[in-house]
file final.txt (compact mmCIF, C-alpha atoms)
# COMPACT_ATOMS: atom_id res chain seq x y z
CA ALA O 1 0.00 0.00 0.00
CA LYS O 2 3.04 2.26 0.53
CA GLU O 3 1.97 5.92 0.81
CA LYS O 4 -1.70 4.92 0.50
CA LEU O 5 -1.63 3.19 3.88
CA HIS O 6 -3.73 5.03 6.45
CA LEU O 7 -4.24 3.66 9.93
CA ALA O 8 -7.44 4.54 11.73
CA THR O 9 -8.94 3.35 14.97
CA PHE O 10 -12.44 2.06 15.48
CA PRO O 11 -13.88 1.52 18.95
CA TRP O 12 -14.82 -2.18 18.98
CA ARG O 13 -18.41 -2.95 20.00
CA ASP O 14 -19.00 -6.52 18.83
CA ASP O 15 -20.29 -5.35 15.45
CA PHE O 16 -18.42 -6.43 12.32
CA ALA O 17 -20.84 -4.62 9.99
CA ALA O 18 -20.26 -1.32 11.79
CA ALA O 19 -16.49 -1.76 11.46
CA ARG O 20 -16.74 -2.61 7.75
CA ASN O 21 -19.08 0.34 7.10
CA ALA O 22 -16.71 2.70 8.91
CA ALA O 23 -13.86 1.41 6.72
CA LEU O 24 -15.90 1.94 3.54
CA GLN O 25 -16.72 5.50 4.61
CA LEU O 26 -13.11 6.26 5.47
CA ALA O 27 -11.87 4.83 2.15
CA SER O 28 -14.39 7.01 0.29
CA GLN O 29 -13.37 10.10 2.26
CA ARG O 30 -9.72 9.44 1.37
CA GLY O 31 -10.60 9.30 -2.36
CA GLY O 32 -10.56 5.55 -2.84
CA THR O 33 -12.34 4.12 -5.87
CA TRP O 34 -12.38 0.49 -4.72
CA ALA O 35 -12.48 -1.14 -1.31
CA LEU O 36 -11.14 -4.63 -0.74
CA THR O 37 -12.92 -6.55 2.01
CA ILE O 38 -10.87 -9.38 3.51
CA ASP O 39 -10.68 -10.94 6.95
CA THR O 40 -7.39 -11.41 8.79
CA ASP O 41 -7.63 -15.18 8.32
CA GLU O 42 -8.26 -14.98 4.56
CA ARG O 43 -5.87 -14.73 1.62
CA LEU O 44 -6.37 -13.75 -2.03
CA GLY O 45 -4.71 -15.23 -5.10
CA PHE O 46 -4.53 -13.24 -8.33
CA ASP O 47 -3.27 -15.79 -10.86
CA GLY O 48 -5.36 -14.21 -13.63
CA TYR O 49 -3.68 -10.79 -13.33
CA ALA O 50 -0.05 -10.03 -14.10
CA THR O 51 -0.13 -6.58 -12.46
CA ALA O 52 -2.24 -4.45 -10.16
CA ASP O 53 -3.09 -2.31 -13.20
CA ASP O 54 -4.50 -5.39 -14.95
CA LEU O 55 -6.74 -6.04 -11.93
CA ARG O 56 -7.86 -2.39 -11.81
CA SER O 57 -8.70 -2.51 -15.52
CA ALA O 58 -10.89 -5.57 -14.93
CA LEU O 59 -12.64 -3.90 -11.99
CA ASP O 60 -13.20 -0.69 -13.95
CA ALA O 61 -14.28 -2.43 -17.18
CA ARG O 62 -17.98 -1.63 -16.57
CA PRO O 63 -19.92 0.80 -14.40
CA ILE O 64 -21.85 -2.16 -13.00
CA PRO O 65 -21.41 -4.24 -10.82
CA LEU O 66 -21.28 -2.29 -7.59
CA ALA O 67 -19.49 -5.23 -5.98
CA TRP O 68 -17.32 -7.97 -7.42
CA THR O 69 -17.41 -11.36 -5.75
CA VAL O 70 -14.45 -13.72 -5.60
CA PRO O 71 -14.89 -17.51 -5.34
CA VAL O 72 -13.34 -19.63 -2.63
CA GLY O 73 -10.57 -21.83 -4.02
CA HIS O 74 -12.62 -25.04 -4.00
CA GLY O 75 -15.49 -23.23 -5.77
CA GLY O 76 -18.20 -23.83 -3.18
CA TYR O 77 -19.24 -20.19 -2.74
CA SER O 78 -18.07 -16.63 -3.32
CA LYS O 79 -17.92 -13.48 -1.21
CA GLU O 80 -18.06 -9.79 -2.01
CA ARG O 81 -14.44 -8.65 -2.10
CA PHE O 82 -14.25 -5.50 -4.21
CA ILE O 83 -16.75 -2.69 -3.60
CA ARG O 84 -16.95 0.34 -5.88
CA LEU O 85 -16.57 3.64 -3.99
CA PRO O 86 -18.32 5.77 -3.06
CA THR O 87 -21.09 3.31 -2.30
CA SER O 88 -24.66 3.18 -1.08
CA LEU O 89 -24.09 -0.46 -0.11
CA GLN O 90 -23.99 -1.27 3.58
CA TRP O 91 -22.90 -4.22 5.64
CA ARG O 92 -25.60 -5.46 8.02
CA GLY O 93 -25.34 -7.91 10.87
CA ARG O 94 -23.08 -7.81 13.89
CA THR O 95 -21.57 -11.15 12.84
CA HIS O 96 -21.96 -13.15 9.62
CA GLU O 97 -22.55 -9.74 8.05
CA ALA O 98 -24.12 -9.35 4.61
CA LEU O 99 -23.65 -6.60 2.01
CA THR O 100 -27.03 -4.98 1.31
CA SER O 101 -28.63 -2.04 -0.44
CA GLU O 102 -32.04 -0.40 -0.44
CA ARG O 103 -32.02 -0.61 -4.26
CA GLY O 104 -30.51 -4.06 -4.59
CA CYS O 105 -26.85 -4.85 -4.96
CA SER O 106 -25.52 -5.57 -8.41
CA ARG O 107 -22.86 -8.25 -8.01
CA GLN O 108 -20.77 -10.15 -10.49
CA GLN O 109 -18.09 -12.76 -10.01
CA LEU O 110 -14.58 -11.62 -10.88
CA SER O 111 -12.60 -14.21 -12.77
CA GLY O 112 -8.86 -14.55 -12.32
CA CYS O 113 -8.72 -14.58 -8.54
CA ILE O 114 -9.70 -16.80 -5.62
CA PHE O 115 -9.66 -16.60 -1.85
CA TRP O 116 -9.08 -19.13 0.88
CA GLU O 117 -9.14 -19.21 4.64
CA VAL O 118 -6.10 -19.92 6.77
CA GLY O 119 -6.83 -22.59 9.36
CA LYS O 120 -7.43 -21.42 12.91
CA SER O 121 -5.81 -22.88 15.98
CA ALA O 122 -8.16 -24.67 18.38
CA SER O 123 -8.01 -21.72 20.77
CA ALA O 124 -8.69 -19.16 18.01
CA GLN O 125 -11.66 -21.21 16.76
CA ALA O 126 -13.03 -21.50 20.31
CA PHE O 127 -12.67 -17.72 20.79
CA LYS O 128 -14.55 -17.06 17.51
CA LEU O 129 -17.36 -19.46 18.38
CA GLU O 130 -17.78 -18.06 21.90
CA ARG O 131 -17.83 -14.50 20.54
CA ASP O 132 -20.37 -15.43 17.87
CA LEU O 133 -22.48 -17.27 20.44
CA ARG O 134 -22.66 -14.16 22.65
CA ILE O 135 -23.62 -11.93 19.70
CA LEU O 136 -26.12 -14.41 18.24
CA LEU O 137 -27.87 -14.96 21.55
CA GLU O 138 -28.36 -11.18 21.75
CA GLU O 139 -29.55 -10.99 18.12
CA THR O 140 -32.05 -13.85 18.45
CA ALA O 141 -33.43 -12.23 21.62
CA ALA O 142 -33.74 -8.84 19.89
CA GLN O 143 -35.01 -10.23 16.56
CA PRO O 144 -36.73 -13.54 17.33
CA LEU O 145 -38.48 -13.65 13.93
CA ASN O 146 -35.27 -13.26 11.89
CA PRO O 147 -34.34 -16.76 10.70
CA ARG O 148 -30.80 -15.67 9.71
CA TRP O 149 -29.71 -15.36 13.32
CA TRP O 150 -31.27 -18.68 14.31
CA TYR O 151 -29.45 -20.40 11.43
CA TYR O 152 -26.07 -19.00 12.45
CA LEU O 153 -26.80 -19.74 16.11
CA GLY O 154 -27.43 -23.37 15.15
CA GLN O 155 -24.20 -23.44 13.17
CA THR O 156 -22.30 -21.93 16.10
CA TYR O 157 -23.71 -24.47 18.55
CA GLU O 158 -22.68 -27.22 16.14
CA GLY O 159 -19.12 -25.86 16.14
CA LEU O 160 -19.19 -25.89 19.93
CA ARG O 161 -20.47 -29.50 19.81
CA GLU O 162 -23.66 -28.48 21.61
CA TYR O 163 -25.81 -30.46 19.20
CA ARG O 164 -29.15 -30.32 21.03
CA SER O 165 -28.98 -26.53 21.27
CA GLY O 166 -27.90 -26.38 17.63
CA LEU O 167 -30.83 -28.50 16.51
CA ALA O 168 -33.26 -26.37 18.54
CA ALA O 169 -31.89 -23.20 16.91
CA LEU O 170 -32.14 -24.69 13.43
CA GLU O 171 -35.70 -25.83 14.09
CA ARG O 172 -36.50 -22.28 15.18
CA CYS O 173 -34.90 -21.05 11.94
CA ILE O 174 -37.21 -23.29 9.92

call {"tool": "encode", "arguments": {"input": "final.txt", "output": "structure tokens"}}
result
Amino acid sequence: AKEKLHLATFPWRDDFAAARNAALQLASQRGGTWALTIDTDERLGFDGYATADDLRSALDARPIPLAWTVPVGHGGYSKERFIRLPTSLQWRGRTHEALTSERGCSRQQLSGCIFWEVGKSASAQAFKLERDLRILLEETAAQPLNPRWWYYLGQTYEGLREYRSGLAALERCI
């Protein structure tokens, strides 16, 4: 990033969407035209692009999409990685956040790159699951009719090997 690197602080409040939205706003304020969204345990591969300029040309090739998705290496799913700035898109959800828009989000998959997750240690995975459990219990209490939170609560309980609680959450999701 060289001279483009700008460090900013964000007071943590168990809300990943708020942190991502603050980063998008800051990038826009600093004149950015694209934001890259990546977690600390994720990596990107750009085998389809010889240079950063080649990647930028691909991103800029059309005025739409507003967000480019990148597939996971094994091809099972893709995530929004590149977001055109400035943006009306917003991340929603304190955990397992989703990129949304009032007008709909035009997305397209970007060819030539992939992402993958770096494996977590047992202690890092336990920390993540316990954090998600705390947040999801609050979200299901605040929004009991939102199936998204019940689904992720079930998934979190499964990761914690609390299968009965996980099944109950997934049944509530359904």

call {"tool": "atom_distance", "arguments": {"input": "final.txt", "atom1": "atom CA of O:Thr156", "atom2": "atom CA of O:Asp132"}}
result
7.0 Å

call {"tool": "residues_near_point", "arguments": {"input": "final.txt", "point": "(-3.1, 8.3, 2.7)", "cutoff": "12 Å", "atoms": "all atoms listed in the file", "output": "PyMOL selection string"}}
result
chain O and resi 1-8+26-32

call {"tool": "closest_residue", "arguments": {"input": "final.txt", "among": "O:Leu145, O:Val72, O:Leu160, O:Leu85", "to": "O:Cys173", "atoms": "only C-alpha atoms"}}
result
O:Leu145

call {"tool": "closest_residue", "arguments": {"input": "final.txt", "among": "O:Leu170, O:Arg131, O:Pro63, O:Ala142", "to": "O:Gln155", "atoms": "all atoms listed in the file"}}
result
O:Leu170

call {"tool": "atom_distance", "arguments": {"input": "final.txt", "atom1": "atom CA of O:Gly45", "atom2": "atom CA of O:Arg107"}}
result
19.7 Å

call {"tool": "residues_around", "arguments": {"input": "final.txt", "residues": "O:Phe16", "least_positions_apart": "5", "cutoff": "12 Å", "atoms": "all atoms listed in the file", "output": "list in words"}}
result
Phe10, Pro11, Asn21, Ala22, Ala23, Thr37, Ile38, Asp39, Gln90, Trp91, Arg92, Gly93, Arg94, Thr95, His96, Glu97, Ala98, Leu99, Arg131, Asp132 and Ile135 of chain O

call {"tool": "build_atoms", "arguments": {"input": "final.txt", "residues": "stretch 28-54 of chain O", "atoms": "N, CA and C atoms", "output": "compact mmCIF listing (two decimals), in the frame of the given file"}}
result
# COMPACT_ATOMS: atom_id res chain seq x y z
N SER O 28 -13.76 6.03 1.19
CA SER O 28 -14.39 7.01 0.29
C SER O 28 -13.89 8.41 0.59
N GLN O 29 -13.82 8.77 1.87
CA GLN O 29 -13.37 10.10 2.26
C GLN O 29 -11.92 10.35 1.82
N ARG O 30 -11.13 9.30 1.76
CA ARG O 30 -9.72 9.44 1.37
C ARG O 30 -9.55 9.36 -0.15
N GLY O 31 -10.67 9.28 -0.90
CA GLY O 31 -10.60 9.30 -2.36
C GLY O 31 -10.45 7.95 -3.01
N GLY O 32 -10.67 6.88 -2.26
CA GLY O 32 -10.56 5.55 -2.84
C GLY O 32 -11.65 5.31 -3.87
N THR O 33 -11.35 4.48 -4.86
CA THR O 33 -12.34 4.12 -5.87
C THR O 33 -12.80 2.68 -5.71
N TRP O 34 -12.03 1.87 -5.01
CA TRP O 34 -12.38 0.49 -4.72
C TRP O 34 -11.98 0.16 -3.30
N ALA O 35 -12.82 -0.62 -2.63
CA ALA O 35 -12.48 -1.14 -1.31
C ALA O 35 -12.35 -2.65 -1.43
N LEU O 36 -11.34 -3.18 -0.82
CA LEU O 36 -11.14 -4.63 -0.74
C LEU O 36 -11.56 -5.07 0.65
N THR O 37 -12.47 -6.01 0.73
CA THR O 37 -12.92 -6.55 2.01
C THR O 37 -12.31 -7.94 2.17
N ILE O 38 -11.51 -8.09 3.24
CA ILE O 38 -10.87 -9.38 3.51
C ILE O 38 -10.65 -9.51 5.01
N ASP O 39 -10.89 -10.69 5.53
CA ASP O 39 -10.68 -10.94 6.95
C ASP O 39 -9.21 -11.26 7.20
N THR O 40 -8.80 -11.16 8.45
CA THR O 40 -7.39 -11.41 8.79
C THR O 40 -6.99 -12.86 8.57
N ASP O 41 -7.95 -13.77 8.54
CA ASP O 41 -7.63 -15.18 8.32
C ASP O 41 -7.92 -15.62 6.88
N GLU O 42 -8.00 -14.67 5.97
CA GLU O 42 -8.26 -14.98 4.56
C GLU O 42 -7.10 -14.47 3.70
N ARG O 43 -6.91 -15.12 2.58
CA ARG O 43 -5.87 -14.73 1.62
C ARG O 43 -6.49 -14.70 0.23
N LEU O 44 -5.92 -13.86 -0.64
CA LEU O 44 -6.37 -13.75 -2.03
C LEU O 44 -5.25 -14.18 -2.96
N GLY O 45 -5.63 -14.88 -4.03
CA GLY O 45 -4.71 -15.23 -5.10
C GLY O 45 -5.16 -14.58 -6.39
N PHE O 46 -4.22 -14.00 -7.11
CA PHE O 46 -4.53 -13.24 -8.33
C PHE O 46 -3.85 -13.84 -9.55
N ASP O 47 -3.96 -15.13 -9.75
CA ASP O 47 -3.27 -15.79 -10.86
C ASP O 47 -3.67 -15.26 -12.23
N GLY O 48 -4.88 -14.69 -12.34
CA GLY O 48 -5.36 -14.21 -13.63
C GLY O 48 -4.90 -12.80 -13.97
N TYR O 49 -4.10 -12.19 -13.11
CA TYR O 49 -3.68 -10.79 -13.33
C TYR O 49 -2.17 -10.67 -13.13
N ALA O 50 -1.50 -10.18 -14.16
CA ALA O 50 -0.05 -10.03 -14.10
C ALA O 50 0.36 -8.84 -13.22
N THR O 51 -0.48 -7.79 -13.22
CA THR O 51 -0.13 -6.58 -12.46
C THR O 51 -1.37 -6.03 -11.77
N ALA O 52 -1.13 -5.13 -10.83
CA ALA O 52 -2.24 -4.45 -10.16
C ALA O 52 -3.04 -3.64 -11.16
N ASP O 53 -2.37 -3.07 -12.17
CA ASP O 53 -3.09 -2.31 -13.20
C ASP O 53 -4.03 -3.20 -14.01
N ASP O 54 -3.62 -4.45 -14.25
CA ASP O 54 -4.50 -5.39 -14.95
C ASP O 54 -5.76 -5.66 -14.12
